[in-house]
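K.L.:
Next up, start29.cif (mmCIF, C-alpha atoms and all ligand atoms).
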```cif
data_model
loop_
_atom_site.group_PDB
_atom_site.id
_atom_site.type_symbol
_atom_site.label_atom_id
_atom_site.label_comp_id
_atom_site.auth_asym_id
_atom_site.auth_seq_id
_atom_site.Cartn_x
_atom_site.Cartn_y
_atom_site.Cartn_z
ATOM 1 C CA MET A 27 0.000 0.000 0.000
ATOM 2 C CA SER A 28 1.406 3.403 -0.887
ATOM 3 C CA THR A 29 1.440 6.146 1.759
ATOM 4 C CA SER A 30 -0.912 8.306 -0.251
ATOM 5 C CA GLU A 31 -3.639 5.664 -0.478
ATOM 6 C CA PRO A 32 -6.669 6.553 1.688
ATOM 7 C CA ILE A 33 -7.169 4.413 4.788
ATOM 8 C CA ASP A 34 -10.362 2.383 4.988
ATOM 9 C CA GLU A 35 -11.389 3.226 8.537
ATOM 10 C CA ALA A 36 -14.310 0.822 8.644
ATOM 11 C CA ARG A 37 -12.009 -2.019 7.659
ATOM 12 C CA LEU A 38 -9.476 -1.017 10.315
ATOM 13 C CA GLY A 39 -12.251 -1.224 12.879
ATOM 14 C CA LEU A 40 -13.077 -4.769 11.767
ATOM 15 C CA LEU A 41 -9.426 -5.798 11.871
ATOM 16 C CA LEU A 42 -8.997 -4.455 15.383
ATOM 17 C CA GLY A 43 -12.175 -6.251 16.406
ATOM 18 C CA ASP A 44 -10.827 -9.524 14.999
ATOM 19 C CA LEU A 45 -7.596 -8.961 16.896
ATOM 20 C CA ARG A 46 -9.599 -8.425 20.119
ATOM 21 C CA LEU A 47 -8.282 -4.911 20.637
ATOM 22 C CA PRO A 48 -11.479 -3.100 21.632
ATOM 23 C CA THR A 49 -9.747 -0.209 23.365
ATOM 24 C CA ILE A 50 -7.510 0.586 20.417
ATOM 25 C CA LYS A 51 -10.523 0.243 18.155
ATOM 26 C CA HIS A 52 -12.302 2.811 20.292
ATOM 27 C CA ILE A 53 -9.519 5.353 20.833
ATOM 28 C CA TRP A 54 -7.400 5.228 17.706
ATOM 29 C CA PRO A 55 -9.229 7.986 15.753
ATOM 30 C CA ALA A 56 -8.709 10.579 18.507
ATOM 31 C CA PHE A 57 -5.119 9.484 19.027
ATOM 32 C CA ALA A 58 -4.405 9.516 15.303
ATOM 33 C CA GLU A 59 -5.736 13.033 15.025
ATOM 34 C CA ARG A 60 -3.550 14.213 17.857
ATOM 35 C CA ALA A 61 -0.522 12.334 16.532
ATOM 36 C CA ASP A 62 -0.976 13.919 13.095
ATOM 37 C CA LYS A 63 -1.430 17.377 14.566
ATOM 38 C CA GLU A 64 1.527 17.134 16.948
ATOM 39 C CA GLY A 65 3.744 15.182 14.568
ATOM 40 C CA TRP A 66 4.271 12.120 16.805
ATOM 41 C CA PRO A 67 6.700 9.518 15.502
ATOM 42 C CA ALA A 68 4.847 6.329 14.464
ATOM 43 C CA ALA A 69 6.446 4.341 17.285
ATOM 44 C CA ARG A 70 5.114 6.766 19.895
ATOM 45 C CA PHE A 71 1.612 6.531 18.457
ATOM 46 C CA LEU A 72 1.691 2.751 18.447
ATOM 47 C CA THR A 73 3.088 2.597 21.987
ATOM 48 C CA ALA A 74 0.376 4.915 23.302
ATOM 49 C CA LEU A 75 -2.330 2.713 21.786
ATOM 50 C CA ALA A 76 -0.781 -0.476 23.160
ATOM 51 C CA GLU A 77 -0.441 1.023 26.642
ATOM 52 C CA HIS A 78 -4.095 2.014 26.713
ATOM 53 C CA GLU A 79 -5.216 -1.435 25.606
ATOM 54 C CA ILE A 80 -3.150 -3.069 28.380
ATOM 55 C CA ALA A 81 -4.310 -0.640 31.073
ATOM 56 C CA GLU A 82 -7.949 -1.111 30.113
ATOM 57 C CA ARG A 83 -7.573 -4.883 30.157
ATOM 58 C CA ALA A 84 -6.097 -4.757 33.659
ATOM 59 C CA ARG A 85 -8.952 -2.554 34.819
ATOM 60 C CA ARG A 86 -11.577 -4.893 33.391
ATOM 61 C CA ARG A 87 -9.846 -7.929 34.885
ATOM 62 C CA ILE A 88 -9.865 -6.359 38.359
ATOM 63 C CA GLU A 89 -13.518 -5.455 37.902
ATOM 64 C CA ARG A 90 -14.309 -9.095 37.097
ATOM 65 C CA HIS A 91 -12.316 -10.276 40.096
ATOM 66 C CA LEU A 92 -14.212 -7.852 42.315
ATOM 67 C CA THR A 93 -17.552 -9.158 41.082
ATOM 68 C CA GLU A 94 -16.640 -12.801 41.560
ATOM 69 C CA ALA A 95 -15.190 -12.212 45.065
ATOM 70 C CA HIS A 96 -18.539 -11.424 46.747
ATOM 71 C CA LEU A 97 -16.902 -9.152 49.299
ATOM 72 C CA PRO A 98 -19.209 -7.412 51.749
ATOM 73 C CA PRO A 99 -19.453 -3.816 50.501
ATOM 74 C CA GLY A 100 -17.737 -0.861 52.102
ATOM 75 C CA LYS A 101 -15.124 -2.727 54.135
ATOM 76 C CA THR A 102 -11.801 -1.125 53.264
ATOM 77 C CA LEU A 103 -8.451 -0.737 54.986
ATOM 78 C CA ASP A 104 -8.886 3.029 54.743
ATOM 79 C CA GLY A 105 -12.070 2.636 56.741
ATOM 80 C CA PHE A 106 -10.426 0.367 59.309
ATOM 81 C CA ASP A 107 -9.473 2.096 62.517
ATOM 82 C CA PHE A 108 -6.149 0.500 63.453
ATOM 83 C CA GLU A 109 -6.009 2.507 66.669
ATOM 84 C CA ALA A 110 -8.981 0.530 67.915
ATOM 85 C CA VAL A 111 -6.881 -2.638 67.612
ATOM 86 C CA PRO A 112 -3.509 -1.736 69.137
ATOM 87 C CA MET A 113 -2.235 -5.330 69.030
ATOM 88 C CA LEU A 114 -2.450 -5.287 65.234
ATOM 89 C CA SER A 115 0.466 -4.010 63.146
ATOM 90 C CA LYS A 116 -0.785 -1.847 60.296
ATOM 91 C CA ALA A 117 2.563 -2.278 58.531
ATOM 92 C CA GLN A 118 2.178 -6.066 58.658
ATOM 93 C CA ILE A 119 -1.330 -5.896 57.172
ATOM 94 C CA MET A 120 -0.173 -3.506 54.432
ATOM 95 C CA ALA A 121 2.659 -5.906 53.579
ATOM 96 C CA MET A 122 0.215 -8.834 53.401
ATOM 97 C CA VAL A 123 -1.983 -6.925 50.950
ATOM 98 C CA ALA A 124 0.880 -7.081 48.438
ATOM 99 C CA GLY A 125 0.227 -10.834 48.502
ATOM 100 C CA ASP A 126 3.409 -12.324 47.106
ATOM 101 C CA SER A 127 5.048 -13.203 50.424
ATOM 102 C CA TRP A 128 2.302 -15.628 51.396
ATOM 103 C CA LEU A 129 -0.195 -16.331 48.588
ATOM 104 C CA GLU A 130 2.502 -17.719 46.314
ATOM 105 C CA LYS A 131 3.290 -20.342 48.954
ATOM 106 C CA GLY A 132 -0.291 -21.071 49.939
ATOM 107 C CA ASP A 133 0.233 -19.787 53.489
ATOM 108 C CA ASN A 134 -2.822 -19.137 55.641
ATOM 109 C CA LEU A 135 -4.126 -16.276 57.736
ATOM 110 C CA LEU A 136 -6.142 -16.982 60.863
ATOM 111 C CA VAL A 137 -8.011 -14.162 62.541
ATOM 112 C CA PHE A 138 -9.392 -14.719 66.036
ATOM 113 C CA GLY A 139 -11.313 -12.507 68.389
ATOM 114 C CA PRO A 140 -14.656 -11.897 70.070
ATOM 115 C CA PRO A 141 -17.733 -10.866 68.059
ATOM 116 C CA GLY A 142 -17.673 -7.272 66.819
ATOM 117 C CA GLY A 143 -13.903 -7.010 67.051
ATOM 118 C CA GLY A 144 -13.453 -6.326 63.342
ATOM 119 C CA LYS A 145 -12.494 -9.765 62.029
ATOM 120 C CA SER A 146 -14.864 -9.769 59.065
ATOM 121 C CA HIS A 147 -14.080 -6.149 58.234
ATOM 122 C CA LEU A 148 -10.347 -6.813 58.292
ATOM 123 C CA ALA A 149 -10.698 -10.001 56.236
ATOM 124 C CA ALA A 150 -12.816 -8.267 53.585
ATOM 125 C CA ALA A 151 -10.485 -5.279 53.471
ATOM 126 C CA ILE A 152 -7.455 -7.519 52.979
ATOM 127 C CA GLY A 153 -9.367 -9.324 50.231
ATOM 128 C CA LEU A 154 -10.159 -6.042 48.505
ATOM 129 C CA GLY A 155 -6.537 -4.885 48.704
ATOM 130 C CA LEU A 156 -5.325 -8.184 47.249
ATOM 131 C CA ILE A 157 -7.773 -7.947 44.337
ATOM 132 C CA GLU A 158 -6.576 -4.426 43.597
ATOM 133 C CA ASN A 159 -3.084 -5.902 43.449
ATOM 134 C CA GLY A 160 -4.144 -8.482 40.882
ATOM 135 C CA TRP A 161 -4.955 -11.535 43.034
ATOM 136 C CA ARG A 162 -8.153 -13.553 42.941
ATOM 137 C CA VAL A 163 -10.185 -13.877 46.122
ATOM 138 C CA PHE A 164 -13.465 -15.483 47.155
ATOM 139 C CA PHE A 165 -15.248 -14.389 50.318
ATOM 140 C CA THR A 166 -17.938 -16.578 51.828
ATOM 141 C CA ARG A 167 -19.584 -17.332 55.109
ATOM 142 C CA THR A 168 -18.214 -20.688 56.108
ATOM 143 C CA THR A 169 -21.700 -22.180 56.502
ATOM 144 C CA ASP A 170 -22.659 -21.166 52.953
ATOM 145 C CA LEU A 171 -19.607 -22.769 51.415
ATOM 146 C CA VAL A 172 -19.930 -25.929 53.488
ATOM 147 C CA GLN A 173 -23.546 -26.224 52.363
ATOM 148 C CA ARG A 174 -22.478 -25.856 48.751
ATOM 149 C CA LEU A 175 -19.829 -28.521 49.182
ATOM 150 C CA GLN A 176 -22.431 -30.741 50.840
ATOM 151 C CA VAL A 177 -24.635 -30.514 47.779
ATOM 152 C CA ALA A 178 -21.636 -31.278 45.580
ATOM 153 C CA ARG A 179 -20.808 -34.300 47.712
ATOM 154 C CA ARG A 180 -24.336 -35.670 47.313
ATOM 155 C CA GLU A 181 -23.909 -35.270 43.566
ATOM 156 C CA LEU A 182 -20.538 -37.038 43.788
ATOM 157 C CA ALA A 183 -18.838 -33.863 42.631
ATOM 158 C CA LEU A 184 -17.059 -32.720 45.804
ATOM 159 C CA GLU A 185 -13.611 -33.074 44.306
ATOM 160 C CA GLN A 186 -14.532 -30.962 41.274
ATOM 161 C CA ALA A 187 -16.208 -28.358 43.491
ATOM 162 C CA ILE A 188 -13.036 -28.036 45.555
ATOM 163 C CA ALA A 189 -10.877 -27.965 42.414
ATOM 164 C CA LYS A 190 -12.991 -25.127 41.045
ATOM 165 C CA LEU A 191 -11.975 -23.013 44.029
ATOM 166 C CA ASP A 192 -8.336 -23.423 43.040
ATOM 167 C CA LYS A 193 -8.596 -20.416 40.769
ATOM 168 C CA TYR A 194 -8.829 -18.259 43.872
ATOM 169 C CA HIS A 195 -5.470 -17.469 45.425
ATOM 170 C CA LEU A 196 -7.286 -16.738 48.663
ATOM 171 C CA LEU A 197 -10.444 -18.265 50.058
ATOM 172 C CA ILE A 198 -11.901 -16.244 52.911
ATOM 173 C CA LEU A 199 -13.981 -18.415 55.230
ATOM 174 C CA ASP A 200 -15.805 -16.027 57.498
ATOM 175 C CA ASP A 201 -17.037 -17.294 60.860
ATOM 176 C CA LEU A 202 -15.722 -20.795 61.092
ATOM 177 C CA ALA A 203 -17.352 -21.209 64.484
ATOM 178 C CA TYR A 204 -20.843 -21.341 63.117
ATOM 179 C CA VAL A 205 -20.421 -24.561 61.150
ATOM 180 C CA THR A 206 -22.784 -27.077 62.672
ATOM 181 C CA LYS A 207 -21.424 -30.273 64.052
ATOM 182 C CA ASP A 208 -22.482 -32.738 61.452
ATOM 183 C CA GLN A 209 -20.177 -35.545 60.441
ATOM 184 C CA ALA A 210 -20.566 -35.262 56.684
ATOM 185 C CA GLU A 211 -20.595 -31.479 56.589
ATOM 186 C CA THR A 212 -17.498 -31.042 58.616
ATOM 187 C CA SER A 213 -15.519 -33.577 56.680
ATOM 188 C CA ALA A 214 -16.278 -31.603 53.505
ATOM 189 C CA LEU A 215 -14.601 -28.670 55.241
ATOM 190 C CA PHE A 216 -11.713 -30.910 56.207
ATOM 191 C CA GLU A 217 -11.319 -32.061 52.635
ATOM 192 C CA LEU A 218 -11.217 -28.460 51.464
ATOM 193 C CA ILE A 219 -8.499 -27.634 53.995
ATOM 194 C CA SER A 220 -6.492 -30.704 52.989
ATOM 195 C CA ALA A 221 -6.832 -30.001 49.281
ATOM 196 C CA ARG A 222 -5.508 -26.455 49.608
ATOM 197 C CA TYR A 223 -2.737 -27.342 52.047
ATOM 198 C CA GLU A 224 0.613 -25.816 50.957
ATOM 199 C CA ARG A 225 -0.865 -24.834 47.581
ATOM 200 C CA ARG A 226 -3.594 -22.260 48.018
ATOM 201 C CA SER A 227 -4.229 -19.889 50.894
ATOM 202 C CA ILE A 228 -7.186 -19.785 53.260
ATOM 203 C CA LEU A 229 -8.135 -16.908 55.522
ATOM 204 C CA ILE A 230 -10.316 -18.019 58.412
ATOM 205 C CA THR A 231 -12.077 -15.816 60.938
ATOM 206 C CA ALA A 232 -13.312 -17.431 64.134
ATOM 207 C CA ASN A 233 -14.672 -16.418 67.490
ATOM 208 C CA GLN A 234 -13.280 -19.483 69.203
ATOM 209 C CA PRO A 235 -9.614 -20.329 69.657
ATOM 210 C CA PHE A 236 -8.342 -23.775 68.642
ATOM 211 C CA GLY A 237 -9.222 -25.230 72.040
ATOM 212 C CA GLU A 238 -12.893 -25.034 71.080
ATOM 213 C CA TRP A 239 -12.539 -26.475 67.598
ATOM 214 C CA ASN A 240 -13.498 -29.927 68.764
ATOM 215 C CA ARG A 241 -17.022 -28.600 68.477
ATOM 216 C CA ILE A 242 -16.474 -27.849 64.778
ATOM 217 C CA PHE A 243 -15.004 -31.118 63.518
ATOM 218 C CA PRO A 244 -16.574 -34.511 64.122
ATOM 219 C CA ASP A 245 -13.746 -36.092 66.100
ATOM 220 C CA PRO A 246 -10.584 -35.003 67.935
ATOM 221 C CA ALA A 247 -8.264 -36.674 65.427
ATOM 222 C CA MET A 248 -9.787 -34.725 62.544
ATOM 223 C CA THR A 249 -9.703 -31.486 64.532
ATOM 224 C CA LEU A 250 -6.024 -32.044 65.216
ATOM 225 C CA ALA A 251 -5.300 -32.823 61.573
ATOM 226 C CA ALA A 252 -7.229 -29.756 60.368
ATOM 227 C CA VAL A 253 -5.567 -27.390 62.837
ATOM 228 C CA ASP A 254 -2.182 -28.921 62.039
ATOM 229 C CA ARG A 255 -2.555 -28.191 58.320
ATOM 230 C CA LEU A 256 -3.980 -24.727 58.861
ATOM 231 C CA VAL A 257 -1.283 -23.511 61.245
ATOM 232 C CA HIS A 258 1.725 -25.195 59.606
ATOM 233 C CA HIS A 259 2.339 -22.091 57.465
ATOM 234 C CA ALA A 260 0.161 -19.406 58.938
ATOM 235 C CA THR A 261 0.004 -15.942 60.371
ATOM 236 C CA ILE A 262 -2.295 -15.718 63.373
ATOM 237 C CA LEU A 263 -3.903 -12.418 64.312
ATOM 238 C CA GLU A 264 -5.774 -12.027 67.559
ATOM 239 C CA LEU A 265 -8.138 -9.097 67.730
ATOM 240 C CA ASN A 266 -8.787 -9.223 71.426
ATOM 241 C CA VAL A 267 -10.734 -5.993 71.646
ATOM 242 C CA GLU A 268 -14.141 -5.065 72.877
ATOM 243 C CA SER A 269 -16.832 -5.040 70.222
ATOM 244 C CA TYR A 270 -16.322 -2.056 67.924
ATOM 245 C CA ARG A 271 -20.084 -1.776 67.505
ATOM 246 C CA ARG A 272 -20.577 -1.574 71.278
ATOM 247 C CA ARG A 273 -17.733 0.901 71.709
ATOM 248 C CA THR A 274 -18.920 3.279 69.011
ATOM 249 C CA ALA A 275 -22.484 3.048 70.357
ATOM 250 C CA LEU A 276 -21.224 3.983 73.822
ATOM 251 C CA GLU A 277 -19.133 6.851 72.456
ATOM 252 C CA ARG A 278 -22.095 8.203 70.511
ATOM 253 C CA LYS A 279 -24.192 8.092 73.652
ATOM 254 C CA LYS A 280 -21.525 9.986 75.582
ATOM 255 C CA GLY A 281 -21.285 12.582 72.808
ATOM 256 C CA PRO A 282 -18.188 14.665 72.132
ATOM 257 C CA GLY A 283 -17.434 15.452 75.758
ATOM 258 C CA ARG A 284 -20.797 17.002 76.517
ATOM 259 C CA PRO A 285 -22.886 15.907 79.475
ATOM 260 C CA PRO A 286 -25.833 13.775 78.279
ATOM 261 C CA THR A 287 -28.486 16.168 79.639
ATOM 262 C CA ARG A 288 -27.319 18.962 77.360
ATOM 263 C CA ALA A 289 -27.413 16.695 74.326
ATOM 264 C CA THR A 290 -30.936 15.652 75.214
ATOM 265 C CA ILE A 291 -32.144 19.239 75.508
ATOM 266 C CA LYS A 292 -30.531 20.151 72.202
ATOM 267 C CA ASN A 293 -32.154 17.182 70.483
ATOM 268 C CA THR A 294 -35.655 18.081 71.662
ATOM 269 C CA SER A 295 -35.379 21.745 70.669
ATOM 270 C CA ASP A 296 -34.192 20.899 67.123
HETATM 271 P P1 LIG B 1 -16.468 -9.487 63.735
HETATM 272 O O1 LIG B 1 -16.415 -10.089 62.381
HETATM 273 O O2 LIG B 1 -15.192 -9.632 64.501
HETATM 274 O O3 LIG B 1 -17.637 -9.953 64.529
HETATM 275 P P2 LIG B 1 -17.011 -7.048 62.252
HETATM 276 O O4 LIG B 1 -15.842 -6.991 61.354
HETATM 277 O O5 LIG B 1 -18.277 -7.529 61.663
HETATM 278 O O6 LIG B 1 -16.672 -7.910 63.571
HETATM 279 O O7 LIG B 1 -17.202 -5.611 62.904
HETATM 280 C C1 LIG B 1 -18.452 -5.148 63.423
HETATM 281 C C2 LIG B 1 -18.731 -3.751 62.868
HETATM 282 O O8 LIG B 1 -17.790 -2.824 63.377
HETATM 283 C C3 LIG B 1 -18.605 -3.684 61.359
HETATM 284 O O9 LIG B 1 -19.535 -2.760 60.867
HETATM 285 C C4 LIG B 1 -17.175 -3.179 61.136
HETATM 286 O O10 LIG B 1 -17.081 -2.462 59.929
HETATM 287 C C5 LIG B 1 -16.979 -2.286 62.352
HETATM 288 N N1 LIG B 1 -15.592 -2.338 62.831
HETATM 289 C C6 LIG B 1 -15.042 -3.263 63.626
HETATM 290 N N2 LIG B 1 -13.776 -2.991 63.925
HETATM 291 C C7 LIG B 1 -13.488 -1.848 63.268
HETATM 292 C C8 LIG B 1 -12.326 -1.027 63.179
HETATM 293 N N3 LIG B 1 -11.192 -1.340 63.823
HETATM 294 N N4 LIG B 1 -12.393 0.090 62.401
HETATM 295 C C9 LIG B 1 -13.545 0.419 61.760
HETATM 296 N N5 LIG B 1 -14.679 -0.312 61.827
HETATM 297 C C10 LIG B 1 -14.654 -1.435 62.557
HETATM 298 MG MG MG B 2 -17.682 -11.477 61.537
#
```
Have the structure of the file written as structure tokens, please.
Ligand code: ADP
Ligand code: MG

P.N.:
Amino acid sequence: MSTSEPIDEARLGLLLGDLRLPTIKHIWPAFAERADKEGWPAARFLTALAEHEIAERARRRIERHLTEAHLPPGKTLDGFDFEAVPMLSKAQIMAMVAGDSWLEKGDNLLVFGPPGGGKSHLAAAIGLGLIENGWRVFFTRTTDLVQRLQVARRELALEQAIAKLDKYHLLILDDLAYVTKDQAETSALFELISARYERRSILITANQPFGEWNRIFPDPAMTLAAVDRLVHHATILELNVESYRRRTALERKKGPGRPPTRATIKNTSD
């Protein structure tokens, strides 16, 4: 083709579509106009297009990963008050959100503490941070997942169901303590833990420390085996704080240093 030949723009659009380059297809006319006007070298023009295609792909991928993760909304690290949990190192959490030091090895994260202490919030916020850094995460209440695995087991598809979860670098099992003590159910959980051992990470939140886990698994030997696998390569965080909900409710009641009577009067006159 000679340089003076007119370009068939419609055909270019089709070619870019065939090549699966939707972003370039969309932006090239504006970029071409600018490149012509400003006299960009061809290599600069091409690089700019390629960079936009890549950036847009990454954005769409993260969007997909966010949708599939089922994170509870609004739980971010920015919104997490680290001062309320003095035993927790913010630097350590920020380092974990990068992911590579533990997810690549399939290490686990276990978060313990009383109800309302921020376990679910922290778990979801870590999940969100990891997704933003390119990892794949799935957040679920433990009971929901165990029920799903139960159904799979009845359909003789437990192994496939567990294998399907392999695509997630991190599985967040929220509230382990609420799994009911049922032989078949709990062994599905055990099989999940065994299958991911040293390959894929699990984040577990639980109200009860290990001492109480005999109430989760059907027999002491299985409890021991499950705990053994979970803790072998794990970081354990204990959020031993009073319920954040209760604390903020109390602080609201107290008001910002005003005696309660004054607040009451102000409320009624408003
Ligand atoms: P847990 O899972 O330990 O029972 P949650 O994570 O559900 O506790 O926390 C209870 C509520 O308090 C949630 O709305 C959560 O967002 C909030 N919360 C708990 N801890 C903190 C914190 N340190 N900073 C900000 N919000 C918090
Ligand atoms: Mg919780």

K.L.:
Do you know which residues are within 6 Å of ligand LIG 1 (chain B) using all atoms listed in the file? Can you write them as a PDB file with C-alpha atoms, in the frame of the given file?

P.N.:
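Done, and the output landed in pocket35.pdb:
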```pdb
ATOM      1  CA  GLY A 105     -12.070   2.636  56.741  1.00  0.00           C
ATOM      2  CA  PHE A 106     -10.426   0.367  59.309  1.00  0.00           C
ATOM      3  CA  ASP A 107      -9.473   2.096  62.517  1.00  0.00           C
ATOM      4  CA  PHE A 108      -6.149   0.500  63.453  1.00  0.00           C
ATOM      5  CA  ALA A 110      -8.981   0.530  67.915  1.00  0.00           C
ATOM      6  CA  VAL A 111      -6.881  -2.638  67.612  1.00  0.00           C
ATOM      7  CA  PRO A 141     -17.733 -10.866  68.059  1.00  0.00           C
ATOM      8  CA  GLY A 142     -17.673  -7.272  66.819  1.00  0.00           C
ATOM      9  CA  GLY A 143     -13.903  -7.010  67.051  1.00  0.00           C
ATOM     10  CA  GLY A 144     -13.453  -6.326  63.342  1.00  0.00           C
ATOM     11  CA  LYS A 145     -12.494  -9.765  62.029  1.00  0.00           C
ATOM     12  CA  SER A 146     -14.864  -9.769  59.065  1.00  0.00           C
ATOM     13  CA  HIS A 147     -14.080  -6.149  58.234  1.00  0.00           C
ATOM     14  CA  TYR A 270     -16.322  -2.056  67.924  1.00  0.00           C
ATOM     15  CA  ARG A 271     -20.084  -1.776  67.505  1.00  0.00           C
TER      16      ARG A 271
END
```

K.L.:
For CA of Glu31 in chain A and CA of Pro55 in chain A, quote the distance in Å rounded to one decimal.

P.N.:
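About the pair CA of Glu31 in chain A and CA of Pro55 in chain A: they are 17.3 Å apart.
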
K.L.:
Residue by residue, what does the PyMOL selection byres (((chain A and resi 139) around 7) and not hetatm) grab here? Present the result as a ChimeraX atom specification.

P.N.:
/A:137-138,140-141,143,232-233,264-266

K.L.:
Which residues, written as a ChimeraX atom specification, have at least one atom at most 12 Å from range 61-76 of chain A, with only C-alpha atoms counted and residues fewer than 3 positions away on the same chain left out?

P.N.:
/A:42,47-58,79-83

K.L.:
Would you mind telling me which residue in A:Leu40, A:Ala260, A:Leu129, A:Leu250 lies nearest to Gly160 in chain A when using only C-alpha atoms?

P.N.:
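Checking each of A:Leu40, A:Ala260, A:Leu129, A:Leu250 against Gly160 in chain A, counting only C-alpha atoms, the winner is A:Leu129.
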
K.L.:
Under the PyMOL selection byres (((chain A and resi 96) around 10) and not hetatm), which residues of this model are included? Write them out as an MDAnalysis selection string.

P.N.:
chainID A and resid 91:95 97:99 150 163:166

K.L.:
Run the PyMOL selection byres (((chain A and resi 103) around 10) and not hetatm) on the file and write out the hits as a PyMOL selection string.

P.N.:
chain A and resi 100-102+104-108+116+119-120+123+147-155

K.L.:
Report the distance between CA of Leu263 in chain A and CA of Met113 in chain A in Å, rounded to one decimal place.

P.N.:
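For CA of Leu263 in chain A relative to CA of Met113 in chain A, the distance reads 8.7 Å.
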
K.L.:
Would you compute, for all listed atoms of range 197-200 of chain A, the axis-aligned bounding box grown by 3 Å on each side, and then report its centre and edge lengths in Å rounded to one decimal, as AutoDock Vina command-line options?

P.N.:
```
--center_x -13.1 --center_y -17.2 --center_z 53.8 --size_x 11.4 --size_y 8.4 --size_z 13.4
```

K.L.:
I'd like the interatomic distance between CA of Ala183 in chain A and CA of Asp200 in chain A, to a tenth of an Å.

P.N.:
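CA of Asp200 in chain A lies 23.4 Å from CA of Ala183 in chain A.
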
K.L.:
Could you pull the residues within 8 Å of Arg167 in chain A, counting all atoms listed in the file, minus those fewer than 5 positions along the same chain, as number ranges by chain?

P.N.:
A: 199-202

K.L.:
So that I can check the surroundings of Leu229 in chain A, please list as a PDB file with C-alpha atoms, keeping the file's coordinate frame every protein, DNA and RNA residue that reaches within 7 Å of it, counting all atoms listed in the file and ignoring chain neighbours fewer than 6 positions away.

P.N.:
```pdb
ATOM      1  CA  ASN A 134      -2.822 -19.137  55.641  1.00  0.00           C
ATOM      2  CA  LEU A 135      -4.126 -16.276  57.736  1.00  0.00           C
ATOM      3  CA  LEU A 136      -6.142 -16.982  60.863  1.00  0.00           C
ATOM      4  CA  LEU A 196      -7.286 -16.738  48.663  1.00  0.00           C
ATOM      5  CA  LEU A 197     -10.444 -18.265  50.058  1.00  0.00           C
ATOM      6  CA  ILE A 198     -11.901 -16.244  52.911  1.00  0.00           C
ATOM      7  CA  LEU A 199     -13.981 -18.415  55.230  1.00  0.00           C
TER       8      LEU A 199
END
```

K.L.:
Taking only C-alpha atoms and all ligand atoms into account, name the residue in A:Ser269, A:Asn240, A:Gln173, A:Ser220 that is nearest to ligand MG 2 (chain B).

P.N.:
A:Ser269

K.L.:
Nearest to Ala247 in chain A: which of A:Ser213, A:Glu89, A:Arg179, A:Thr261 is it, counting all atoms listed in the file?

P.N.:
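Once distances to Ala247 in chain A are computed over all atoms listed in the file, the minimum belongs to A:Ser213.
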